[in-house]
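Undergrad: File follows, query.txt with compact mmCIF, C-alpha atoms:
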```txt
# COMPACT_ATOMS: atom_id res chain seq x y z
CA MET U 9 0.00 0.00 0.00
CA GLN U 10 2.89 2.32 0.63
CA ASN U 11 3.91 2.15 -3.03
CA ASP U 12 0.39 1.94 -4.48
CA ALA U 13 -1.67 4.99 -3.49
CA GLU U 14 -4.68 3.82 -5.50
CA LEU U 15 -4.88 0.54 -3.57
CA GLY U 16 -4.55 2.43 -0.29
CA GLU U 17 -7.46 4.70 -1.24
CA VAL U 18 -9.66 1.72 -2.16
CA LEU U 19 -8.96 0.01 1.16
CA LEU U 20 -9.45 3.19 3.17
CA ARG U 21 -12.78 3.83 1.44
CA ALA U 22 -13.89 0.24 2.11
CA PHE U 23 -13.07 0.57 5.83
CA MET U 24 -14.86 3.92 6.05
CA LEU U 25 -17.99 2.59 4.33
CA ARG U 26 -18.01 -0.46 6.60
CA ARG U 27 -17.83 1.76 9.68
CA VAL U 28 -20.65 3.99 8.40
CA PHE U 29 -22.77 0.88 7.78
CA LEU U 30 -22.10 -0.50 11.27
CA ILE U 31 -22.97 2.80 12.93
CA ALA U 32 -26.12 3.32 10.83
CA HIS U 33 -27.43 -0.19 11.56
CA SER U 34 -26.32 -0.38 15.21
CA ALA U 35 -24.35 -3.47 14.33
CA GLY U 36 -21.13 -3.86 16.21
CA ASP U 37 -19.31 -6.05 18.64
CA ALA U 38 -20.50 -4.14 21.73
CA VAL U 39 -23.85 -4.95 23.33
CA LEU U 40 -24.94 -2.65 26.14
CA ILE U 41 -27.53 -4.21 28.44
CA GLY U 42 -29.00 -1.95 31.06
CA SER U 43 -31.88 0.12 32.31
CA SER U 44 -32.92 3.44 30.84
CA HIS U 45 -33.34 4.57 34.47
CA SER U 46 -29.68 3.88 35.29
CA ALA U 47 -27.21 6.77 35.20
CA GLY U 48 -24.40 4.30 34.50
CA THR U 49 -26.20 2.86 31.49
CA LEU U 50 -26.93 6.32 30.10
CA ARG U 51 -23.30 7.34 30.65
CA LEU U 52 -22.00 4.27 28.77
CA GLN U 53 -24.52 4.75 25.97
CA SER U 54 -23.47 8.38 25.62
CA PHE U 55 -19.78 7.41 25.59
CA LEU U 56 -20.28 4.82 22.83
CA ALA U 57 -22.40 7.18 20.72
CA ARG U 58 -20.07 10.14 21.21
CA ASN U 59 -17.10 8.08 20.07
CA GLY U 60 -18.99 6.64 17.10
CA HIS U 61 -18.57 3.08 18.36
CA PRO U 62 -21.14 0.75 16.77
CA HIS U 63 -23.20 -0.88 19.50
CA THR U 64 -26.54 -2.42 20.30
CA TYR U 65 -28.53 -1.30 23.33
CA MET U 66 -30.92 -3.67 25.09
CA ASP U 67 -33.19 -2.29 27.82
CA VAL U 68 -33.94 -4.75 30.62
CA GLU U 69 -37.39 -3.25 31.15
CA HIS U 70 -38.57 -3.17 27.53
CA ASP U 71 -36.82 -5.91 25.55
CA PRO U 72 -38.93 -9.12 25.57
CA ASP U 73 -35.96 -11.40 24.76
CA ILE U 74 -33.63 -10.03 27.41
CA GLN U 75 -34.41 -12.76 29.95
CA ILE U 76 -32.85 -15.41 27.71
CA ILE U 77 -29.59 -13.48 27.59
CA LEU U 78 -29.64 -12.72 31.31
CA ASP U 79 -30.22 -16.38 32.15
CA GLU U 80 -27.34 -17.44 29.91
CA PHE U 81 -24.94 -15.18 31.84
CA GLN U 82 -26.62 -15.80 35.20
CA VAL U 83 -27.46 -12.14 35.73
CA THR U 84 -30.59 -10.93 37.52
CA PRO U 85 -32.48 -7.77 36.45
CA SER U 86 -31.93 -6.29 39.92
CA THR U 87 -28.26 -5.90 38.93
CA PHE U 88 -29.31 -3.02 36.65
CA ARG U 89 -31.30 -0.99 39.15
CA CYS U 90 -29.69 2.01 40.82
```
Go ahead and render the structure in this file as structure tokens.

TA:
Amino acid sequence: MQNDAELGEVLLRAFMLRRVFLIAHSAGDAVLIGSSHSAGTLRLQSFLARNGHPHTYMDVEHDPDIQIILDEFQVTPSTFRC
């Protein structure tokens, strides 16, 4: 890439478009599980959004499938209450 500027531009554009796609579709490797009533959850959500890090947010009070995930990791919903 150092000697081929055109190849470098193609790869850079591909990485940029991938990042835009991940941010636009909330598809990333980070999953934030918490309560919308928790200051800690809101602080983490703000941090991820401010830094443009693709993430998925799951609210323990509103997501119907959250219990399956919590059971898998042996976490109780009371963990998320402040």

Undergrad: Atom CA of Asp67 of chain U and atom CA of Ile41 of chain U are how many Å apart?

TA: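 Answer for the atom CA of Asp67 of chain U to atom CA of Ile41 of chain U separation: 6.0 Å.
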
Undergrad: Using all atoms listed in the file for the distances, tell me which of U:Leu19, U:Met66, U:Ile76, U:Val83 is nearest to Ser43 of chain U.

TA: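 Closest to Ser43 of chain U of all the choices is U:Met66.
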
Undergrad: Quick one: of U:Tyr65, U:Glu14, U:Gly60, U:Met24, who's nearest to Val39 of chain U, counting only C-alpha atoms?

TA: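 Checking each of U:Tyr65, U:Glu14, U:Gly60, U:Met24 against Val39 of chain U, counting only C-alpha atoms, the winner is U:Tyr65.
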
Undergrad: Name all residues at most 12 Å from Ala32 of chain U (count only C-alpha atoms; drop same-chain ones fewer than 3 positions away) and give them as a count of residues only.

TA: 13

Undergrad: If you measure from atom CA of Leu56 of chain U to atom CA of Ser44 of chain U, what distance in Å do you get, rounded to one decimal?

TA: 15.0 Å

Undergrad: Between U:His70, U:Asn59, U:Asn11, U:Gln53, which one has atoms that come closest to Leu40 of chain U, using all atoms listed in the file?

TA: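 Selected residue with least distance to Leu40 of chain U: U:Gln53.
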
Undergrad: With 5 Å on each side, where is the centre of the axis-aligned box around all listed atoms of segment 51-54 of chain U, and how long are its edges in Å to one decimal, as JSON?

TA:
```
{"center_x": -23.3, "center_y": 6.3, "center_z": 28.1, "size_x": 12.5, "size_y": 14.1, "size_z": 15.0}
```

Undergrad: To one decimal place in Å, what is the distance between atom CA of Gln10 of chain U and atom CA of Ile31 of chain U?

TA: 28.6 Å
